[in-house]
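This is run-v6.cif (mmCIF, C-alpha atoms).
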data_query
loop_
_atom_site.label_atom_id
_atom_site.label_comp_id
_atom_site.auth_asym_id
_atom_site.auth_seq_id
_atom_site.Cartn_x
_atom_site.Cartn_y
_atom_site.Cartn_z
CA MET A 1475 -15.59 154.47 -33.62
CA SER A 1476 -15.25 150.83 -32.56
CA ARG A 1477 -16.11 147.74 -34.62
CA ARG A 1478 -18.94 147.10 -32.20
CA GLU A 1479 -20.47 150.48 -32.99
CA LEU A 1480 -19.88 150.07 -36.71
CA SER A 1481 -21.49 146.62 -36.71
CA ARG A 1482 -24.84 148.27 -36.00
CA SER A 1483 -24.99 148.82 -39.75
CA PRO A 1484 -26.34 145.67 -41.47
CA GLN A 1485 -23.74 146.09 -44.22
CA PHE A 1486 -20.68 146.30 -42.00
CA ASP A 1487 -19.94 142.59 -41.34
CA ASP A 1488 -20.02 141.84 -45.07
CA ILE A 1489 -17.89 144.85 -45.99
CA SER A 1490 -15.31 144.32 -43.23
CA PRO A 1491 -15.30 140.56 -42.43
CA GLU A 1492 -11.99 140.80 -40.56
CA VAL A 1493 -10.21 143.45 -38.50
CA GLY A 1494 -8.50 146.01 -40.75
CA GLN A 1495 -10.01 144.60 -43.96
CA ILE A 1496 -12.52 145.79 -46.56
CA ASP A 1497 -14.08 143.43 -49.09
CA GLU A 1498 -14.44 145.50 -52.28
CA ALA A 1499 -16.76 142.94 -53.89
CA ALA A 1500 -19.12 143.38 -50.93
CA VAL A 1501 -18.78 147.15 -51.33
CA SER A 1502 -19.91 146.87 -54.97
CA GLU A 1503 -22.93 144.81 -53.95
CA ALA A 1504 -23.83 147.27 -51.18
CA LEU A 1505 -23.50 150.19 -53.60
CA ALA A 1506 -26.01 148.59 -55.95
CA ASP A 1507 -28.35 147.69 -53.08
CA ASP A 1508 -28.40 150.94 -51.06
CA PRO A 1509 -25.85 153.61 -52.04
CA ASP A 1510 -26.82 156.05 -49.29
CA GLU A 1511 -26.43 153.41 -46.60
CA LEU A 1512 -23.03 152.43 -48.00
CA MET A 1513 -21.76 156.02 -48.19
CA SER A 1514 -22.99 156.69 -44.67
CA LEU A 1515 -21.20 153.58 -43.43
CA LEU A 1516 -17.94 154.52 -45.19
CA ALA A 1517 -18.15 157.96 -43.59
CA GLN A 1518 -18.51 156.31 -40.19
CA MET A 1519 -15.66 153.92 -40.95
CA SER A 1520 -13.45 156.92 -41.76
CA GLN A 1521 -13.67 157.65 -38.02
CA ALA A 1522 -12.83 154.09 -36.93
CA THR A 1523 -10.46 153.51 -34.04
CA ASP A 1524 -8.78 150.82 -36.16
CA VAL A 1525 -6.10 152.86 -37.93
CA HIS A 1526 -5.77 150.53 -40.91
CA LEU A 1527 -9.53 150.25 -41.41
CA ARG A 1528 -9.87 154.02 -41.14
CA ALA A 1529 -7.26 154.58 -43.86
CA LEU A 1530 -8.87 152.03 -46.18
CA ALA A 1531 -12.31 153.53 -45.62
CA LYS A 1532 -11.11 157.07 -46.36
CA HIS A 1533 -9.40 155.96 -49.56
CA LEU A 1534 -12.44 154.01 -50.73
CA ALA A 1535 -14.85 156.79 -49.76
CA SER A 1536 -12.84 159.38 -51.71
CA ARG A 1537 -12.85 157.18 -54.83
CA LEU A 1538 -16.57 156.53 -54.54
CA PHE A 1539 -17.56 160.14 -53.85
CA LEU A 1540 -15.49 161.39 -56.78
CA ASP A 1541 -16.91 158.74 -59.13
CA LEU A 1542 -20.46 159.68 -58.14
CA ALA A 1543 -19.74 163.41 -58.39
CA ARG A 1544 -18.53 162.93 -61.97
CA THR A 1545 -21.67 161.11 -63.09
CA GLN A 1546 -23.48 164.33 -63.96
CA HIS A 1547 -21.78 167.62 -64.77
CA THR A 1548 -23.71 170.73 -63.92
CA GLN A 1549 -23.79 173.32 -66.67
CA ALA A 1550 -22.76 176.13 -64.36
CA ALA A 1551 -19.98 177.86 -66.21
CA GLY A 1552 -22.12 180.97 -66.61
CA ILE A 1553 -23.53 182.85 -69.53
CA GLY A 1554 -21.14 183.37 -72.41
CA ARG A 1555 -20.52 186.70 -74.13
CA ILE A 1556 -19.02 187.90 -77.41
CA VAL A 1557 -15.49 189.26 -77.01
CA THR A 1558 -12.66 190.35 -79.30
CA MET A 1559 -9.58 188.18 -79.06
CA PRO A 1560 -6.43 187.44 -81.08
CA TYR A 1561 -6.91 185.28 -84.16
CA ARG A 1562 -7.29 181.58 -83.53
CA SER A 1563 -7.74 178.83 -86.08
CA ASP A 1564 -10.41 176.93 -84.13
CA GLY A 1565 -13.24 179.45 -84.34
CA GLY A 1566 -14.58 182.97 -84.27
CA ASP A 1567 -15.53 185.47 -86.98
CA LEU A 1568 -13.01 187.94 -88.31
CA ASP A 1569 -13.27 191.35 -86.63
CA VAL A 1570 -12.85 193.41 -89.80
CA GLU A 1571 -12.58 196.76 -88.02
CA ARG A 1572 -9.77 195.58 -85.74
CA SER A 1573 -8.03 193.66 -88.55
CA LEU A 1574 -8.41 196.17 -91.39
CA GLU A 1575 -5.04 197.87 -90.90
CA GLU A 1576 -3.15 194.59 -91.29
CA ILE A 1577 -5.23 193.53 -94.30
CA VAL A 1578 -4.62 196.84 -96.10
CA ALA A 1579 -0.89 196.78 -95.25
CA ALA A 1580 -0.51 193.21 -96.52
CA ARG A 1581 -2.19 194.07 -99.84
CA SER A 1582 -0.12 197.19 -100.37
CA GLU A 1583 3.09 195.28 -99.61
CA ARG A 1584 2.01 192.29 -101.74
CA ARG A 1585 2.45 189.81 -98.91
CA LEU A 1586 0.36 187.32 -97.03
CA VAL A 1587 -1.70 188.56 -94.11
CA ASP A 1588 -0.02 187.83 -90.75
CA PRO A 1589 -2.61 185.94 -88.62
CA GLY A 1590 -0.91 187.27 -85.47
CA ASP A 1591 -2.13 190.78 -86.37
CA LEU A 1592 -5.75 189.74 -86.91
CA SER A 1593 -8.60 189.72 -84.39
CA VAL A 1594 -11.75 187.61 -84.19
CA ARG A 1595 -15.08 187.93 -82.42
CA ALA A 1596 -15.99 184.77 -80.54
CA TRP A 1597 -17.98 183.44 -77.61
CA ALA A 1598 -16.06 183.32 -74.35
CA LYS A 1599 -17.33 181.41 -71.35
CA PRO A 1600 -16.55 183.05 -68.02
CA THR A 1601 -14.98 180.97 -65.31
CA THR A 1602 -16.75 180.19 -62.06
CA ALA A 1603 -15.45 180.39 -58.50
CA TRP A 1604 -17.18 178.28 -55.87
CA CYS A 1605 -17.48 178.37 -52.11
CA LEU A 1606 -19.19 175.48 -50.33
CA ALA A 1607 -20.22 176.20 -46.72
CA VAL A 1608 -21.11 173.06 -44.73
CA ASP A 1609 -23.10 173.29 -41.49
CA ARG A 1610 -21.33 171.13 -38.90
CA SER A 1611 -23.28 172.34 -35.86
CA GLY A 1612 -25.37 169.17 -35.67
CA SER A 1613 -24.54 165.52 -36.21
CA MET A 1614 -21.47 164.99 -38.40
CA HIS A 1615 -21.25 161.24 -38.76
CA GLY A 1616 -22.85 158.75 -41.08
CA ARG A 1617 -25.32 160.24 -43.56
CA PRO A 1618 -24.73 163.99 -42.85
CA LEU A 1619 -20.96 163.52 -43.10
CA ALA A 1620 -21.25 161.53 -46.33
CA THR A 1621 -23.56 164.21 -47.76
CA ALA A 1622 -21.02 166.92 -46.91
CA ALA A 1623 -18.17 164.93 -48.46
CA LEU A 1624 -20.07 164.25 -51.67
CA ALA A 1625 -20.99 167.95 -51.91
CA ALA A 1626 -17.30 168.82 -51.58
CA ALA A 1627 -16.43 166.28 -54.27
CA ALA A 1628 -19.10 167.69 -56.59
CA VAL A 1629 -17.76 171.23 -56.18
CA ALA A 1630 -14.16 170.09 -56.65
CA VAL A 1631 -14.81 168.26 -59.93
CA ARG A 1632 -16.79 171.21 -61.32
CA ALA A 1633 -14.28 173.86 -60.32
CA GLU A 1634 -12.21 175.12 -63.22
CA ARG A 1635 -9.57 176.28 -60.77
CA GLU A 1636 -11.01 178.41 -57.95
CA TYR A 1637 -12.99 176.92 -55.07
CA ALA A 1638 -13.15 176.89 -51.29
CA VAL A 1639 -14.77 174.57 -48.77
CA LEU A 1640 -15.80 175.97 -45.38
CA SER A 1641 -17.40 174.28 -42.39
CA PHE A 1642 -19.19 176.22 -39.72
CA GLY A 1643 -20.86 176.01 -36.35
CA ARG A 1644 -20.20 178.97 -34.11
CA GLU A 1645 -16.79 179.39 -35.79
CA VAL A 1646 -15.82 178.95 -39.43
CA VAL A 1647 -12.90 176.77 -40.50
CA ALA A 1648 -11.62 176.08 -44.01
CA PRO A 1649 -10.88 172.51 -45.07
CA LYS A 1650 -9.85 174.22 -48.32
CA ALA A 1651 -9.32 177.98 -48.61
CA MET A 1652 -9.60 179.74 -51.98
CA TRP A 1653 -5.88 180.49 -52.11
CA GLU A 1654 -4.77 176.95 -51.19
CA VAL A 1655 -3.72 174.30 -53.67
CA ARG A 1656 -4.82 170.90 -52.36
CA SER A 1657 -5.56 167.57 -53.99
CA VAL A 1658 -9.21 166.55 -53.99
CA ASP A 1659 -8.28 163.53 -51.85
CA ASP A 1660 -6.77 165.86 -49.26
CA VAL A 1661 -9.89 168.06 -49.25
CA LEU A 1662 -12.20 165.06 -48.83
CA ASP A 1663 -9.98 163.68 -46.08
CA ARG A 1664 -10.37 166.99 -44.22
CA VAL A 1665 -14.13 167.00 -44.70
CA LEU A 1666 -14.42 163.42 -43.45
CA ALA A 1667 -12.48 164.48 -40.35
CA LEU A 1668 -15.13 167.06 -39.40
CA ARG A 1669 -16.94 166.66 -36.09
CA GLY A 1670 -20.29 168.18 -35.28
CA HIS A 1671 -20.60 170.48 -32.31
CA GLY A 1672 -21.62 173.92 -31.11
CA THR A 1673 -24.15 176.51 -32.12
CA THR A 1674 -24.93 177.73 -35.64
CA ASP A 1675 -23.84 181.09 -37.03
CA VAL A 1676 -25.23 181.25 -40.56
CA ALA A 1677 -24.40 184.94 -40.97
CA ARG A 1678 -20.73 184.40 -40.11
CA ALA A 1679 -20.55 181.50 -42.57
CA LEU A 1680 -21.95 183.66 -45.38
CA TRP A 1681 -19.68 186.62 -44.60
CA SER A 1682 -16.75 184.19 -44.63
CA ALA A 1683 -17.86 182.84 -48.00
CA ALA A 1684 -17.96 186.39 -49.36
CA GLU A 1685 -14.43 186.97 -48.08
CA GLN A 1686 -13.20 183.78 -49.75
CA LEU A 1687 -14.82 184.69 -53.06
CA ARG A 1688 -13.29 188.16 -53.04
CA MET A 1689 -9.94 186.41 -53.56
CA ALA A 1690 -11.18 184.83 -56.79
CA GLY A 1691 -10.64 186.25 -60.25
CA SER A 1692 -13.55 184.42 -61.88
CA THR A 1693 -16.44 186.28 -63.45
CA ARG A 1694 -19.08 184.15 -61.74
CA ARG A 1695 -18.94 183.58 -57.97
CA VAL A 1696 -21.27 181.03 -56.42
CA THR A 1697 -21.82 180.19 -52.75
CA ILE A 1698 -23.40 176.82 -51.92
CA LEU A 1699 -24.83 176.65 -48.40
CA LEU A 1700 -25.45 173.11 -47.10
CA SER A 1701 -27.56 173.76 -44.02
CA ASP A 1702 -31.01 173.87 -42.47
CA CYS A 1703 -30.26 177.61 -41.99
CA ARG A 1704 -31.50 177.53 -38.39
CA SER A 1705 -29.15 180.06 -36.82
CA THR A 1706 -28.67 180.05 -33.04
CA GLU A 1707 -26.20 182.93 -32.94
CA PRO A 1708 -26.94 186.65 -33.39
CA GLY A 1709 -26.17 188.00 -36.81
CA ASP A 1710 -28.01 189.19 -39.90
CA ALA A 1711 -28.01 186.20 -42.23
CA VAL A 1712 -30.18 188.02 -44.76
CA ALA A 1713 -27.73 190.92 -45.05
CA ALA A 1714 -24.84 188.47 -45.37
CA ALA A 1715 -26.70 186.51 -48.05
CA ARG A 1716 -27.48 189.68 -50.01
CA SER A 1717 -23.77 190.56 -50.07
CA LEU A 1718 -23.07 187.48 -52.19
CA ASP A 1719 -23.09 187.49 -55.98
CA GLU A 1720 -25.02 184.24 -56.14
CA LEU A 1721 -26.28 181.94 -53.37
CA VAL A 1722 -27.86 178.51 -53.59
CA ILE A 1723 -29.07 176.60 -50.54
CA LEU A 1724 -29.23 172.83 -50.08
CA ALA A 1725 -31.43 172.01 -47.08
CA PRO A 1726 -32.31 168.64 -45.51
CA GLU A 1727 -35.53 167.20 -46.83
CA GLY A 1728 -38.20 167.55 -44.15
CA ASP A 1729 -36.33 170.36 -42.38
CA SER A 1730 -36.23 173.20 -44.88
CA ASP A 1731 -38.56 175.91 -43.54
CA GLU A 1732 -35.76 178.25 -42.40
CA ALA A 1733 -33.86 177.68 -45.65
CA ALA A 1734 -36.96 178.57 -47.66
CA ARG A 1735 -37.44 181.78 -45.66
CA LEU A 1736 -33.80 182.82 -46.10
CA ALA A 1737 -33.92 182.07 -49.83
CA GLN A 1738 -37.10 184.13 -50.26
CA ALA A 1739 -35.67 187.05 -48.28
CA CYS A 1740 -32.48 187.32 -50.35
CA GLY A 1741 -33.57 185.94 -53.73
CA ALA A 1742 -31.48 182.77 -53.53
CA LYS A 1743 -32.25 179.50 -55.23
CA TRP A 1744 -32.81 176.54 -52.94
CA THR A 1745 -33.71 172.88 -52.95
CA THR A 1746 -33.64 169.88 -50.62
CA VAL A 1747 -31.42 166.82 -50.34
CA ASP A 1748 -32.41 163.54 -48.73
CA GLY A 1749 -29.00 161.87 -48.59
CA PRO A 1750 -25.58 161.86 -50.24
CA SER A 1751 -26.75 160.33 -53.51
CA SER A 1752 -29.16 163.24 -54.08
CA ILE A 1753 -26.43 165.91 -53.99
CA VAL A 1754 -25.50 165.82 -57.68
CA THR A 1755 -29.07 166.10 -58.98
CA ALA A 1756 -29.90 168.75 -56.36
CA LEU A 1757 -26.97 170.88 -57.56
CA ALA A 1758 -28.17 170.46 -61.14
CA ARG A 1759 -31.61 171.77 -60.18
CA VAL A 1760 -30.28 175.00 -58.68
CA LEU A 1761 -27.20 175.61 -60.83
CA ASP A 1762 -28.24 174.75 -64.38
CA ARG A 1763 -28.82 177.76 -66.57
#
Would you put the structure from the file into structure tokens?
Amino acid sequence: MSRRELSRSPQFDDISPEVGQIDEAAVSEALADDPDELMSLLAQMSQATDVHLRALAKHLASRLFLDLARTQHTQAAGIGRIVTMPYRSDGGDLDVERSLEEIVAARSERRLVDPGDLSVRAWAKPTTAWCLAVDRSGSMHGRPLATAALAAAAVAVRAEREYAVLSFGREVVAPKAMWEVRSVDDVLDRVLALRGHGTTDVARALWSAAEQLRMAGSTRRVTILLSDCRSTEPGDAVAAARSLDELVILAPEGDSDEAARLAQACGAKWTTVDGPSSIVTALARVLDR
């Protein structure tokens, strides 16, 4: 994308006053004035033909998206349960039945009880595996691209260890597969490199998400579908959605009818987003328990 095209944004000349430069003070002002416009512009600048400007924009966008993603942590670790575990000093109630043999032996031998042979009953929180599926069949520059990148950042900062990011049109590609170890910066760089094209195969995206999550060892497995859910390829999206443990749908505000129908058909939670800055609160609405 050329400087001429980028200059269509009213913020661009202030943010990049010279070729290959970004004024971070101007970025701070733009963030306070209109965060969605700024994030959309940075997403566009990440596709700039100016190599140096593109690198600066990607670095700045990654920092900003991660900072915003960390502003509100979704309580999505799942429902805890009582389990028996080895003794630990930081909590839990003694499991008398499991520990009785050691207690009796210690008394009969007139010695101290060995904590390593005791058990406690305590709350354990299950881990969560995530798979974000981003619809790239339409426009993937500016606001839609920034929204996708911030969604990826939000998933990455919430993931305890297991997450995947997929993008789909007719085909499905993985900026970050479940089995891969990648830095968050690398994942965001790959998302910002996405280009929109082709038809939409929602069913294939959901089957692919199920395949990714089968690799996970976590007790809770959540698929986040960022899409209007308007499929233009044959395939049973409802059957694919029902195969998932848990599905939440984020649809564009003003274009959510198909998403609402899919959610109703498979029992998924859904909500709308109206720009990148709404991603974090939208995830909180559908993921909080």
So the first atom is atom CA of A:Ala1543 and the second is atom CA of A:Leu1624; what is the distance between them in Å, to one decimal place?
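Between these atoms lies a distance of 6.8 Å.
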Can you tell me which residues surround A:Phe1642 at a distance of at most 8 Å, considering only C-alpha atoms, apart from same-chain residues fewer than 4 positions away, and format the answer as a count of residues only?
11
Within 10 Å of A:Asp1591, counting all atoms listed in the file, which residues qualify if same-chain residues fewer than 4 places away don't, as a compact mmCIF listing (two decimals) with C-alpha atoms, in the frame of the given file?
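As written to disk, out_14.txt reads:
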# COMPACT_ATOMS: atom_id res chain seq x y z
CA PRO A 1560 -6.43 187.44 -81.08
CA TYR A 1561 -6.91 185.28 -84.16
CA ARG A 1572 -9.77 195.58 -85.74
CA SER A 1573 -8.03 193.66 -88.55
CA LEU A 1574 -8.41 196.17 -91.39
CA GLU A 1575 -5.04 197.87 -90.90
CA GLU A 1576 -3.15 194.59 -91.29
CA ILE A 1577 -5.23 193.53 -94.30
CA VAL A 1587 -1.70 188.56 -94.11
Using only C-alpha atoms: which of A:Arg1544, A:Arg1678, A:Arg1537, A:Arg1632 has the shortest distance to A:Thr1706
A:Arg1678
Would you pick out the contacts of A:Glu1654 at 12 Å or less, using all atoms listed in the file, so that residues sharing its chain but fewer than 2 positions from it are not included, and give the list as a ChimeraX atom specification?
/A:1635-1639,1648-1652,1656-1658,1660-1661,1686,1689-1690
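Using all atoms listed in the file, the nearest neighbour of A:Asp1731 within the list A:Ala1628, A:Val1501, A:Leu1586, A:Cys1703 is A:Cys1703.
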Between A:Met1614, A:Leu1721, A:Ala1739, A:Val1747, single out the one closest to A:Asp1702, counting all atoms listed in the file.
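Looking at the shortest contact to A:Asp1702, the residue is A:Val1747.
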